file coords_38.tsv (TSV, C-alpha atoms)
chain	number	residue	atom	x	y	z
A	1	MET	CA	108.94	-50.21	-193.70
A	2	GLU	CA	106.96	-52.81	-191.78
A	3	SER	CA	103.69	-51.64	-193.31
A	4	LYS	CA	105.12	-51.93	-196.84
A	5	TYR	CA	106.28	-55.49	-196.23
A	6	SER	CA	102.78	-56.40	-195.08
A	7	ALA	CA	101.19	-54.57	-198.00
A	8	ILE	CA	103.40	-56.32	-200.58
A	9	LYS	CA	102.75	-59.70	-198.95
A	10	ASP	CA	98.99	-59.16	-198.90
A	11	ILE	CA	98.91	-58.11	-202.55
A	12	ILE	CA	100.92	-61.02	-203.88
A	13	LEU	CA	99.16	-63.66	-201.75
A	14	LYS	CA	95.88	-62.54	-203.34
A	15	THR	CA	97.31	-63.22	-206.80
A	16	ILE	CA	98.26	-66.88	-206.24
A	17	PRO	CA	96.01	-69.91	-205.58
A	18	GLY	CA	98.09	-71.54	-202.84
A	19	VAL	CA	101.46	-73.16	-202.23
A	20	GLY	CA	104.00	-73.30	-205.05
A	21	ASN	CA	106.06	-71.29	-207.53
A	22	PHE	CA	104.02	-68.93	-209.69
A	23	GLU	CA	104.57	-66.66	-212.66
A	24	THR	CA	102.75	-63.33	-212.53
A	25	SER	CA	101.23	-61.15	-215.23
A	26	ILE	CA	104.40	-59.02	-215.14
A	27	LYS	CA	107.19	-60.59	-217.21
A	28	GLY	CA	110.12	-61.69	-215.08
A	29	VAL	CA	108.26	-61.43	-211.76
A	30	ARG	CA	107.56	-64.63	-209.80
A	31	ILE	CA	106.14	-65.54	-206.40
A	32	VAL	CA	107.04	-68.45	-204.13
A	33	ARG	CA	104.93	-69.59	-201.18
A	34	ARG	CA	105.59	-72.46	-198.77
A	35	ASN	CA	103.33	-73.35	-195.82
A	36	HIS	CA	105.71	-75.79	-194.14
A	37	PRO	CA	109.46	-76.25	-193.62
A	38	THR	CA	111.22	-78.32	-196.30
A	39	GLU	CA	114.27	-80.56	-196.55
A	40	PHE	CA	117.41	-79.37	-198.32
A	41	MET	CA	117.00	-79.45	-202.10
A	42	ARG	CA	119.59	-78.87	-204.81
A	43	CYS	CA	118.76	-76.23	-207.36
A	44	PHE	CA	120.19	-73.45	-209.51
A	45	TYR	CA	119.52	-69.84	-208.62
A	46	ASN	CA	119.11	-68.02	-211.93
A	47	PRO	CA	120.10	-64.33	-212.23
A	48	SER	CA	117.54	-62.74	-209.96
A	49	CYS	CA	116.75	-60.56	-206.97
A	50	ILE	CA	114.77	-62.32	-204.24
A	51	LEU	CA	112.87	-60.10	-201.79
A	52	VAL	CA	111.96	-61.97	-198.61
A	53	LEU	CA	108.56	-60.95	-197.26
A	54	GLN	CA	108.00	-63.56	-194.55
A	55	GLY	CA	109.66	-66.68	-193.14
A	56	LEU	CA	113.25	-67.88	-193.15
A	57	LYS	CA	115.38	-69.96	-195.52
A	58	ASN	CA	118.72	-71.71	-195.06
A	59	MET	CA	121.11	-71.89	-198.02
A	60	LEU	CA	124.33	-73.80	-198.60
A	61	TYR	CA	126.51	-72.02	-201.15
A	62	GLY	CA	129.91	-73.60	-201.58
A	63	LYS	CA	131.33	-73.81	-198.06
A	64	GLU	CA	129.05	-71.08	-196.75
A	65	ASN	CA	125.96	-71.79	-194.66
A	66	VAL	CA	123.73	-68.70	-194.66
A	67	VAL	CA	120.16	-67.79	-193.81
A	68	TYR	CA	117.93	-65.10	-195.22
A	69	THR	CA	114.72	-63.75	-193.81
A	70	LYS	CA	112.26	-60.85	-193.88
A	71	GLY	CA	114.06	-57.53	-194.25
A	72	GLN	CA	116.69	-58.97	-196.58
A	73	TYR	CA	117.14	-59.57	-200.28
A	74	VAL	CA	119.28	-62.05	-202.19
A	75	VAL	CA	121.01	-61.27	-205.47
A	76	SER	CA	122.19	-64.05	-207.77
A	77	CYS	CA	124.25	-62.48	-210.56
A	78	THR	CA	124.47	-65.61	-212.72
A	79	ASP	CA	123.32	-69.25	-212.62
A	80	ILE	CA	124.58	-70.57	-209.28
A	81	PRO	CA	124.22	-74.11	-207.83
A	82	VAL	CA	123.01	-74.14	-204.22
A	83	SER	CA	121.20	-76.29	-201.68
A	84	SER	CA	118.40	-74.62	-199.76
A	85	ARG	CA	115.54	-75.37	-197.39
A	86	VAL	CA	112.67	-73.42	-195.88
A	87	VAL	CA	113.17	-73.27	-192.10
A	88	GLU	CA	110.24	-71.15	-190.91
A	89	ALA	CA	106.79	-71.46	-192.53
A	90	THR	CA	103.26	-72.22	-191.36
A	91	GLU	CA	99.82	-71.95	-192.95
A	92	GLU	CA	99.18	-68.84	-190.86
A	93	LYS	CA	102.62	-67.33	-191.57
A	94	PRO	CA	103.87	-68.86	-194.83
A	95	PHE	CA	107.32	-68.39	-196.31
A	96	VAL	CA	106.80	-65.81	-199.07
A	97	VAL	CA	109.27	-64.27	-201.52
A	98	LEU	CA	108.92	-62.02	-204.53
A	99	ILE	CA	111.46	-62.79	-207.27
A	100	LEU	CA	112.56	-60.44	-210.03
A	101	GLU	CA	114.57	-62.09	-212.80
A	102	LEU	CA	117.58	-60.05	-213.90
A	103	ASP	CA	118.28	-59.15	-217.54
A	104	SER	CA	122.01	-58.75	-218.18
A	105	ASN	CA	121.41	-56.59	-221.27
A	106	LEU	CA	119.33	-54.11	-219.29
A	107	ILE	CA	121.92	-54.04	-216.51
A	108	SER	CA	124.68	-53.34	-219.05
A	109	ASN	CA	122.62	-50.51	-220.58
A	110	ILE	CA	122.05	-48.92	-217.17
A	111	LEU	CA	125.77	-49.15	-216.42
A	112	LEU	CA	126.51	-47.31	-219.67
A	113	GLU	CA	123.88	-44.65	-218.92
A	114	THR	CA	124.89	-44.03	-215.31
A	115	LYS	CA	128.62	-44.82	-215.45
A	116	LEU	CA	128.48	-46.15	-211.89
A	117	PRO	CA	132.04	-46.74	-210.64
A	118	LYS	CA	133.41	-50.17	-209.83
A	119	THR	CA	134.49	-50.89	-206.27
A	120	PRO	CA	138.06	-52.22	-206.31
A	121	GLY	CA	138.84	-55.24	-204.17
A	122	ALA	CA	135.24	-55.87	-203.18
A	123	ASN	CA	133.44	-59.21	-203.06
A	124	THR	CA	133.32	-60.98	-206.45
A	125	LYS	CA	131.01	-63.83	-205.44
A	126	ALA	CA	127.99	-64.06	-207.68
A	127	LEU	CA	125.51	-64.61	-204.86
A	128	ALA	CA	125.08	-62.54	-201.71
A	129	ILE	CA	122.56	-61.25	-199.18
A	130	ALA	CA	121.95	-57.70	-197.94
A	131	GLU	CA	119.52	-55.71	-195.84
A	132	THR	CA	116.74	-54.07	-197.84
A	133	ASP	CA	116.82	-50.28	-197.76
A	134	GLU	CA	113.73	-48.09	-197.91
A	135	GLU	CA	114.19	-46.92	-201.51
A	136	LEU	CA	114.51	-50.48	-202.85
A	137	LEU	CA	111.53	-51.65	-200.80
A	138	ASP	CA	109.44	-48.74	-202.06
A	139	ALA	CA	110.20	-49.67	-205.67
A	140	PHE	CA	109.17	-53.28	-205.02
A	141	PHE	CA	106.00	-52.02	-203.33
A	142	ARG	CA	105.03	-50.06	-206.45
A	143	LEU	CA	105.85	-53.10	-208.60
A	144	ALA	CA	103.58	-55.28	-206.44
A	145	GLN	CA	100.79	-52.71	-206.66
A	146	LEU	CA	100.86	-53.09	-210.44
A	147	LEU	CA	99.69	-56.70	-210.06
A	148	GLU	CA	96.27	-55.31	-209.18
A	149	LYS	CA	96.21	-52.95	-212.16
A	150	PRO	CA	95.02	-53.63	-215.74
A	151	LEU	CA	97.50	-55.22	-218.13
A	152	SER	CA	97.60	-52.02	-220.17
A	153	GLU	CA	98.97	-50.16	-217.15
A	154	GLN	CA	101.35	-52.99	-216.24
A	155	ASN	CA	102.84	-52.97	-219.73
A	156	ILE	CA	103.67	-49.26	-219.48
A	157	MET	CA	104.70	-48.93	-215.85
A	158	ALA	CA	106.43	-52.25	-215.06
A	159	PRO	CA	109.51	-51.63	-217.27
A	160	ILE	CA	109.96	-48.21	-215.65
A	161	ILE	CA	109.79	-49.55	-212.09
A	162	ILE	CA	111.95	-52.58	-212.92
A	163	LYS	CA	114.61	-50.27	-214.36
A	164	GLU	CA	114.50	-48.30	-211.10
A	165	ILE	CA	114.97	-51.52	-209.10
A	166	TYR	CA	118.01	-52.38	-211.22
A	167	PHE	CA	119.46	-48.94	-210.51
A	168	ARG	CA	118.85	-49.37	-206.76
A	169	LEU	CA	120.58	-52.77	-206.86
A	170	LEU	CA	123.54	-51.45	-208.84
A	171	SER	CA	124.04	-48.50	-206.50
A	172	GLY	CA	123.41	-50.57	-203.36
A	173	LYS	CA	125.47	-52.88	-201.18
A	174	MET	CA	125.76	-55.61	-203.80
A	175	GLY	CA	126.14	-53.40	-206.83
A	176	ASN	CA	129.77	-54.38	-207.20
A	177	GLN	CA	128.94	-58.02	-207.98
A	178	LEU	CA	126.35	-57.01	-210.56
A	179	ARG	CA	128.71	-54.49	-212.16
A	180	LEU	CA	131.58	-56.97	-212.41
A	181	ILE	CA	129.45	-59.73	-213.93
A	182	ASN	CA	127.92	-57.38	-216.50
A	183	THR	CA	130.96	-55.26	-217.47
A	184	ASN	CA	132.85	-56.49	-220.53
A	185	GLY	CA	136.47	-57.37	-219.89
A	186	THR	CA	136.25	-58.13	-216.17
A	187	ARG	CA	137.16	-61.57	-214.87
A	188	SER	CA	133.62	-62.05	-213.57
A	189	ASN	CA	132.17	-61.17	-216.96
A	190	GLN	CA	134.48	-63.67	-218.67
A	191	ILE	CA	133.29	-66.34	-216.23
A	192	ALA	CA	129.67	-65.41	-217.00
A	193	HIS	CA	130.39	-66.02	-220.71
A	194	ALA	CA	132.03	-69.34	-219.82
A	195	ILE	CA	128.91	-70.33	-217.88
A	196	SER	CA	126.79	-69.59	-220.95
A	197	LEU	CA	129.06	-71.81	-223.07
A	198	ILE	CA	128.85	-74.65	-220.56
A	199	LYS	CA	125.06	-74.32	-220.32
A	200	ASP	CA	124.69	-74.43	-224.11
A	201	LYS	CA	126.78	-77.62	-224.37
A	202	TYR	CA	126.26	-79.17	-220.94
A	203	SER	CA	125.46	-82.64	-222.36
A	204	GLU	CA	128.69	-82.82	-224.40
A	205	LYS	CA	132.20	-83.81	-223.40
A	206	LEU	CA	133.80	-80.44	-222.79
A	207	ASN	CA	137.46	-79.54	-222.60
A	208	MET	CA	137.55	-76.85	-219.94
A	209	ASP	CA	140.91	-75.57	-221.15
A	210	GLU	CA	139.24	-74.86	-224.51
A	211	ILE	CA	136.39	-73.06	-222.69
A	212	ALA	CA	139.05	-70.96	-220.94
A	213	GLN	CA	140.59	-70.13	-224.31
A	214	CYS	CA	137.17	-69.14	-225.70
A	215	VAL	CA	136.80	-66.50	-222.98
A	216	ASN	CA	140.43	-65.34	-223.31
A	217	MET	CA	141.67	-66.65	-219.97
A	218	ALA	CA	144.66	-68.78	-219.05
A	219	PRO	CA	143.48	-72.15	-217.69
A	220	SER	CA	144.89	-71.52	-214.20
A	221	SER	CA	143.18	-68.13	-213.98
A	222	PHE	CA	139.96	-69.57	-215.42
A	223	TYR	CA	139.71	-72.37	-212.84
A	224	ARG	CA	140.57	-70.04	-209.96
A	225	ASN	CA	138.10	-67.32	-210.95
A	226	PHE	CA	135.33	-69.76	-211.89
A	227	LYS	CA	135.34	-71.15	-208.38
A	228	LYS	CA	135.47	-67.64	-206.88
A	229	VAL	CA	132.29	-66.70	-208.74
A	230	THR	CA	130.29	-69.94	-208.54
A	231	SER	CA	131.86	-71.73	-205.51
A	232	VAL	CA	132.40	-74.90	-207.62
A	233	SER	CA	134.86	-75.99	-210.31
A	234	PRO	CA	133.86	-75.89	-214.01
A	235	LEU	CA	133.56	-79.69	-214.16
A	236	GLN	CA	131.44	-79.79	-211.00
A	237	TYR	CA	129.27	-77.06	-212.48
A	238	GLN	CA	128.69	-79.05	-215.67
A	239	LYS	CA	127.95	-82.22	-213.69
A	240	GLN	CA	125.35	-80.44	-211.55
A	241	LEU	CA	123.75	-79.00	-214.68
A	242	LYS	CA	123.48	-82.50	-216.15
A	243	LEU	CA	121.90	-83.97	-213.02
A	244	TYR	CA	119.54	-81.07	-212.47
A	245	GLU	CA	118.35	-81.32	-216.09
A	246	ALA	CA	117.95	-85.11	-215.76
A	247	GLN	CA	115.76	-84.58	-212.72
A	248	ARG	CA	113.66	-82.02	-214.60
A	249	LEU	CA	113.22	-84.40	-217.54
A	250	MET	CA	112.08	-87.25	-215.29
A	251	LEU	CA	109.63	-84.98	-213.50
A	252	THR	CA	107.88	-84.32	-216.83
A	253	GLY	CA	106.92	-88.01	-216.90
A	254	LYS	CA	108.30	-88.43	-220.42
A	255	TYR	CA	111.67	-89.85	-219.37
A	256	ASP	CA	112.69	-92.71	-217.13
A	257	ALA	CA	116.11	-92.85	-215.45
A	258	ALA	CA	117.76	-94.62	-218.39
A	259	SER	CA	116.51	-92.26	-221.11
A	260	ALA	CA	117.23	-89.18	-218.99
A	261	CYS	CA	120.73	-90.53	-218.33
A	262	TYR	CA	121.57	-90.69	-222.04
A	263	GLU	CA	119.72	-87.47	-222.88
A	264	VAL	CA	121.98	-85.39	-220.61
A	265	GLY	CA	125.18	-87.01	-221.88
A	266	TYR	CA	125.95	-89.88	-219.51
A	267	GLU	CA	127.23	-93.09	-221.12
A	268	SER	CA	126.92	-95.28	-218.02
A	269	PRO	CA	123.55	-95.64	-216.19
A	270	THR	CA	125.48	-96.96	-213.18
A	271	GLN	CA	127.63	-93.84	-212.99
A	272	PHE	CA	124.54	-91.66	-213.53
A	273	SER	CA	122.65	-93.35	-210.70
A	274	ARG	CA	125.63	-93.10	-208.36
A	275	GLU	CA	126.22	-89.40	-209.01
A	276	TYR	CA	122.48	-88.64	-208.92
A	277	LYS	CA	122.17	-90.23	-205.49
A	278	LYS	CA	125.22	-88.34	-204.23
A	279	MET	CA	123.68	-85.03	-205.33
A	280	PHE	CA	120.01	-85.54	-204.49
A	281	GLY	CA	120.24	-88.09	-201.69
A	282	GLN	CA	118.18	-90.81	-203.39
A	283	PRO	CA	118.50	-92.99	-206.52
A	284	PRO	CA	116.73	-91.42	-209.55
A	285	LYS	CA	113.59	-93.58	-209.52
A	286	LYS	CA	113.00	-93.22	-205.77
A	287	ASP	CA	113.72	-89.48	-205.83
A	288	ILE	CA	111.15	-88.83	-208.56
A	289	LYS	CA	108.54	-90.89	-206.68
A	290	ILE	CA	109.12	-88.78	-203.59
A	291	LEU	CA	108.97	-85.49	-205.51
A	292	THR	CA	105.80	-86.44	-207.39
A	293	GLY	CA	104.10	-88.05	-204.39
A	294	VAL	CA	103.77	-91.39	-206.15
A	295	SER	CA	103.72	-94.36	-203.78
call {"tool": "encode", "arguments": {"input": "coords_38.tsv", "output": "structure tokens"}}
result
Amino acid sequence: MESKYSAIKDIILKTIPGVGNFETSIKGVRIVRRNHPTEFMRCFYNPSCILVLQGLKNMLYGKENVVYTKGQYVVSCTDIPVSSRVVEATEEKPFVVLILELDSNLISNILLETKLPKTPGANTKALAIAETDEELLDAFFRLAQLLEKPLSEQNIMAPIIIKEIYFRLLSGKMGNQLRLINTNGTRSNQIAHAISLIKDKYSEKLNMDEIAQCVNMAPSSFYRNFKKVTSVSPLQYQKQLKLYEAQRLMLTGKYDAASACYEVGYESPTQFSREYKKMFGQPPKKDIKILTGVS
């Protein structure tokens, strides 16, 4: 397995120009490289499988403090707010991960085809870490090899290999979480639909009891299960979405703090600045200067 990790790492490092987050020529496949440790940063993990090829990262997820490193993979079943930092990375041995975005429709289709059983009473959290087995690593190795092939071959072979990876994930240690999120009628699936509703209307004043009704859940059950899946309450989730989007807007250079504040649904710049600082550690203007390297 060691040789395959090295081979995947060597292939993907040849496809990117340096440090950063990069799309690849295969739809849904991304690469992240860091040459130095970083401070904790707030972000959302989208539905994805993250294969760690080198280095180590620390992640705060709800009340959990976890690390993941080479030999492990991370599965995020839905959009999850976390704080994370790169702990081990140098120019000679950078932190490198290969990320495969997850398509809920494809997962649902595979579940119908294979009729994989649900595991009763297992973990329902939407984000978890597991050791990579040889079959999953081999599928990722073949996916990485495609990056060196012509686009015509990528277009034919990538969907086949990606479908295999999905099957390996669903039948592996964290298959239960993926099954629950993507099986109609389960509590986790209802929460996933609620997350979609909140994302679509994140800048509006939302009544979370009405969101619960939209996904056919009693409010008490909705609040309890939402926190089980995401580690935060529905209102905290919406607030983090607002602030994360405000940060993204300001980073484009087209919005200042005031315009971003109103764009994401805040009515009070003072409240926006206070909550932004609490989440990101700095007031909006200073935070964007730090992130963009502007003195």
call {"tool": "closest_atom_pairs", "arguments": {"input": "coords_38.tsv", "of": "range 85-156 of chain A", "to": "range 19-25 of chain A", "cutoff": "9 Å", "atoms": "all atoms listed in the file", "output": "Markdown table"}}
result
| residue | atom | partner | partner_atom | distance |
| --- | --- | --- | --- | --- |
| A:Pro94 | CA | A:Val19 | CA | 8.9 |
| A:Leu147 | CA | A:Ser25 | CA | 7.0 |
| A:Leu151 | CA | A:Ser25 | CA | 7.6 |
| A:Gln154 | CA | A:Ser25 | CA | 8.2 |
call {"tool": "atom_distance", "arguments": {"input": "coords_38.tsv", "atom1": "CA of Ala212 in chain A", "atom2": "CA of Leu111 in chain A"}}
result
25.9 Å
call {"tool": "residues_around", "arguments": {"input": "coords_38.tsv", "residues": "Lys277 in chain A", "least_positions_apart": "2", "cutoff": "12 Å", "atoms": "all atoms listed in the file", "output": "list in words"}}
result
Arg42, Gln240, Leu243, Tyr244, Gln247, Ala257, Thr270, Gln271, Phe272, Ser273, Arg274, Glu275, Met279, Phe280, Gly281, Gln282, Pro283, Pro284, Lys285, Lys286, Asp287 and Ile288 of chain A
call {"tool": "write_last_selection", "arguments": {"input": "coords_38.tsv", "atoms": "C-alpha atoms", "output": "PDB file, in the coordinates of the input"}}
result
ATOM      1  CA  ARG A  42     119.590 -78.870-204.810  1.00  0.00           C
ATOM      2  CA  GLN A 240     125.350 -80.440-211.550  1.00  0.00           C
ATOM      3  CA  LEU A 243     121.900 -83.970-213.020  1.00  0.00           C
ATOM      4  CA  TYR A 244     119.540 -81.070-212.470  1.00  0.00           C
ATOM      5  CA  GLN A 247     115.760 -84.580-212.720  1.00  0.00           C
ATOM      6  CA  ALA A 257     116.110 -92.850-215.450  1.00  0.00           C
ATOM      7  CA  THR A 270     125.480 -96.960-213.180  1.00  0.00           C
ATOM      8  CA  GLN A 271     127.630 -93.840-212.990  1.00  0.00           C
ATOM      9  CA  PHE A 272     124.540 -91.660-213.530  1.00  0.00           C
ATOM     10  CA  SER A 273     122.650 -93.350-210.700  1.00  0.00           C
ATOM     11  CA  ARG A 274     125.630 -93.100-208.360  1.00  0.00           C
ATOM     12  CA  GLU A 275     126.220 -89.400-209.010  1.00  0.00           C
ATOM     13  CA  MET A 279     123.680 -85.030-205.330  1.00  0.00           C
ATOM     14  CA  PHE A 280     120.010 -85.540-204.490  1.00  0.00           C
ATOM     15  CA  GLY A 281     120.240 -88.090-201.690  1.00  0.00           C
ATOM     16  CA  GLN A 282     118.180 -90.810-203.390  1.00  0.00           C
ATOM     17  CA  PRO A 283     118.500 -92.990-206.520  1.00  0.00           C
ATOM     18  CA  PRO A 284     116.730 -91.420-209.550  1.00  0.00           C
ATOM     19  CA  LYS A 285     113.590 -93.580-209.520  1.00  0.00           C
ATOM     20  CA  LYS A 286     113.000 -93.220-205.770  1.00  0.00           C
ATOM     21  CA  ASP A 287     113.720 -89.480-205.830  1.00  0.00           C
ATOM     22  CA  ILE A 288     111.150 -88.830-208.560  1.00  0.00           C
TER      23      ILE A 288
END
call {"tool": "atom_distance", "arguments": {"input": "coords_38.tsv", "atom1": "CA of Glu164 in chain A", "atom2": "CA of Leu136 in chain A"}}
result
8.5 Å
call {"tool": "atom_distance", "arguments": {"input": "coords_38.tsv", "atom1": "CA of Ile160 in chain A", "atom2": "CA of Ile107 in chain A"}}
result
13.3 Å
call {"tool": "closest_residue", "arguments": {"input": "coords_38.tsv", "among": "A:Asn189, A:Ser48, A:Thr69, A:Thr183", "to": "Glu101 in chain A", "atoms": "all atoms listed in the file"}}
result
A:Ser48
call {"tool": "residues_around", "arguments": {"input": "coords_38.tsv", "residues": "range 228-235 of chain A", "least_positions_apart": "2", "cutoff": "9 Å", "atoms": "all atoms listed in the file", "output": "NGL selection string"}}
result
:A and (61-63 or 78-81 or 124-127 or 188 or 191-192 or 194-195 or 198 or 206 or 208 or 222-226 or 237-240)
call {"tool": "closest_residue", "arguments": {"input": "coords_38.tsv", "among": "A:Thr15, A:Met1, A:Leu100, A:Val86", "to": "Asn46 in chain A", "atoms": "only C-alpha atoms"}}
result
A:Leu100
call {"tool": "closest_residue", "arguments": {"input": "coords_38.tsv", "among": "A:Ala260, A:Cys77, A:Ile290, A:Ser268", "to": "Ser104 in chain A", "atoms": "only C-alpha atoms"}}
result
A:Cys77
call {"tool": "axis_aligned_box", "arguments": {"input": "coords_38.tsv", "around": "range 27-46 of chain A", "padding_each_side": "4 Å", "output": "AutoDock Vina command-line options"}}
result
--center_x 111.8 --center_y -70.6 --center_z -205.4 --size_x 24.9 --size_y 28.0 --size_z 31.6
call {"tool": "closest_residue", "arguments": {"input": "coords_38.tsv", "among": "A:Gln145, A:Gln190, A:Asn109, A:Ser83", "to": "Phe44 in chain A", "atoms": "only C-alpha atoms"}}
result
A:Ser83
call {"tool": "closest_residue", "arguments": {"input": "coords_38.tsv", "among": "A:Ile110, A:Ala89, A:Leu102, A:Ile26", "to": "Gln54 in chain A", "atoms": "only C-alpha atoms"}}
result
A:Ala89
call {"tool": "closest_residue", "arguments": {"input": "coords_38.tsv", "among": "A:Ala218, A:Leu146, A:Val74, A:Leu241", "to": "Ser196 in chain A", "atoms": "all atoms listed in the file"}}
result
A:Leu241
call {"tool": "residues_around", "arguments": {"input": "coords_38.tsv", "residues": "range 33-36 of chain A", "least_positions_apart": "3", "cutoff": "12 Å", "atoms": "only C-alpha atoms", "output": "ChimeraX atom specification"}}
result
/A:9,12-23,30,39,52-57,85-99
call {"tool": "residues_around", "arguments": {"input": "coords_38.tsv", "residues": "Ile162 in chain A", "least_positions_apart": "2", "cutoff": "10 Å", "atoms": "only C-alpha atoms", "output": "list in words"}}
result
Gly28, Val29, Leu100, Glu101, Leu102, Leu106, Ala139, Phe140, Arg142, Leu143, Met157, Ala158, Pro159, Ile160, Glu164, Ile165, Tyr166, Phe167 and Arg168 of chain A
call {"tool": "build_atoms", "arguments": {"input": "coords_38.tsv", "residues": "range 251-274 of chain A", "atoms": "N, CA and C atoms", "output": "PDB file, in the coordinates of the input"}}
result
ATOM      1  N   LEU A 251     110.833 -85.542-214.109  1.00  0.00           N
ATOM      2  CA  LEU A 251     109.630 -84.980-213.500  1.00  0.00           C
ATOM      3  C   LEU A 251     108.538 -84.684-214.527  1.00  0.00           C
ATOM      4  N   THR A 252     108.901 -84.539-215.791  1.00  0.00           N
ATOM      5  CA  THR A 252     107.880 -84.320-216.830  1.00  0.00           C
ATOM      6  C   THR A 252     107.075 -85.586-217.093  1.00  0.00           C
ATOM      7  N   GLY A 253     107.609 -86.745-216.664  1.00  0.00           N
ATOM      8  CA  GLY A 253     106.920 -88.010-216.900  1.00  0.00           C
ATOM      9  C   GLY A 253     107.210 -88.617-218.257  1.00  0.00           C
ATOM     10  N   LYS A 254     108.008 -87.943-219.072  1.00  0.00           N
ATOM     11  CA  LYS A 254     108.300 -88.430-220.420  1.00  0.00           C
ATOM     12  C   LYS A 254     109.617 -89.196-220.488  1.00  0.00           C
ATOM     13  N   TYR A 255     110.366 -89.175-219.403  1.00  0.00           N
ATOM     14  CA  TYR A 255     111.670 -89.850-219.370  1.00  0.00           C
ATOM     15  C   TYR A 255     111.765 -90.724-218.122  1.00  0.00           C
ATOM     16  N   ASP A 256     112.310 -91.927-218.296  1.00  0.00           N
ATOM     17  CA  ASP A 256     112.690 -92.710-217.130  1.00  0.00           C
ATOM     18  C   ASP A 256     114.164 -92.449-216.850  1.00  0.00           C
ATOM     19  N   ALA A 257     114.728 -93.119-215.837  1.00  0.00           N
ATOM     20  CA  ALA A 257     116.110 -92.850-215.450  1.00  0.00           C
ATOM     21  C   ALA A 257     117.084 -93.144-216.596  1.00  0.00           C
ATOM     22  N   ALA A 258     116.839 -94.238-217.322  1.00  0.00           N
ATOM     23  CA  ALA A 258     117.760 -94.620-218.390  1.00  0.00           C
ATOM     24  C   ALA A 258     117.759 -93.601-219.525  1.00  0.00           C
ATOM     25  N   SER A 259     116.578 -93.209-219.984  1.00  0.00           N
ATOM     26  CA  SER A 259     116.510 -92.260-221.110  1.00  0.00           C
ATOM     27  C   SER A 259     117.010 -90.883-220.700  1.00  0.00           C
ATOM     28  N   ALA A 260     116.723 -90.470-219.467  1.00  0.00           N
ATOM     29  CA  ALA A 260     117.230 -89.180-218.990  1.00  0.00           C
ATOM     30  C   ALA A 260     118.749 -89.205-218.893  1.00  0.00           C
ATOM     31  N   CYS A 261     119.281 -90.342-218.446  1.00  0.00           N
ATOM     32  CA  CYS A 261     120.730 -90.530-218.330  1.00  0.00           C
ATOM     33  C   CYS A 261     121.421 -90.243-219.663  1.00  0.00           C
ATOM     34  N   TYR A 262     120.934 -90.862-220.723  1.00  0.00           N
ATOM     35  CA  TYR A 262     121.570 -90.690-222.040  1.00  0.00           C
ATOM     36  C   TYR A 262     121.277 -89.310-222.621  1.00  0.00           C
ATOM     37  N   GLU A 263     120.107 -88.772-222.329  1.00  0.00           N
ATOM     38  CA  GLU A 263     119.720 -87.470-222.880  1.00  0.00           C
ATOM     39  C   GLU A 263     120.662 -86.364-222.397  1.00  0.00           C
ATOM     40  N   VAL A 264     121.118 -86.452-221.151  1.00  0.00           N
ATOM     41  CA  VAL A 264     121.980 -85.390-220.610  1.00  0.00           C
ATOM     42  C   VAL A 264     123.471 -85.682-220.801  1.00  0.00           C
ATOM     43  N   GLY A 265     123.794 -86.792-221.501  1.00  0.00           N
ATOM     44  CA  GLY A 265     125.180 -87.010-221.880  1.00  0.00           C
ATOM     45  C   GLY A 265     125.940 -88.068-221.115  1.00  0.00           C
ATOM     46  N   TYR A 266     125.258 -88.782-220.195  1.00  0.00           N
ATOM     47  CA  TYR A 266     125.950 -89.880-219.510  1.00  0.00           C
ATOM     48  C   TYR A 266     126.002 -91.096-220.436  1.00  0.00           C
ATOM     49  N   GLU A 267     127.085 -91.856-220.341  1.00  0.00           N
ATOM     50  CA  GLU A 267     127.230 -93.090-221.120  1.00  0.00           C
ATOM     51  C   GLU A 267     126.974 -94.319-220.259  1.00  0.00           C
ATOM     52  N   SER A 268     127.075 -94.159-218.945  1.00  0.00           N
ATOM     53  CA  SER A 268     126.920 -95.280-218.020  1.00  0.00           C
ATOM     54  C   SER A 268     125.754 -95.019-217.062  1.00  0.00           C
ATOM     55  N   PRO A 269     124.652 -95.782-217.142  1.00  0.00           N
ATOM     56  CA  PRO A 269     123.550 -95.640-216.190  1.00  0.00           C
ATOM     57  C   PRO A 269     123.999 -95.840-214.745  1.00  0.00           C
ATOM     58  N   THR A 270     124.982 -96.725-214.537  1.00  0.00           N
ATOM     59  CA  THR A 270     125.480 -96.960-213.180  1.00  0.00           C
ATOM     60  C   THR A 270     126.140 -95.717-212.618  1.00  0.00           C
ATOM     61  N   GLN A 271     126.980 -95.079-213.432  1.00  0.00           N
ATOM     62  CA  GLN A 271     127.630 -93.840-212.990  1.00  0.00           C
ATOM     63  C   GLN A 271     126.588 -92.750-212.760  1.00  0.00           C
ATOM     64  N   PHE A 272     125.610 -92.653-213.661  1.00  0.00           N
ATOM     65  CA  PHE A 272     124.540 -91.660-213.530  1.00  0.00           C
ATOM     66  C   PHE A 272     123.802 -91.851-212.209  1.00  0.00           C
ATOM     67  N   SER A 273     123.399 -93.082-211.923  1.00  0.00           N
ATOM     68  CA  SER A 273     122.650 -93.350-210.700  1.00  0.00           C
ATOM     69  C   SER A 273     123.469 -93.032-209.466  1.00  0.00           C
ATOM     70  N   ARG A 274     124.759 -93.367-209.496  1.00  0.00           N
ATOM     71  CA  ARG A 274     125.630 -93.100-208.360  1.00  0.00           C
ATOM     72  C   ARG A 274     125.791 -91.601-208.108  1.00  0.00           C
TER      73      ARG A 274
END
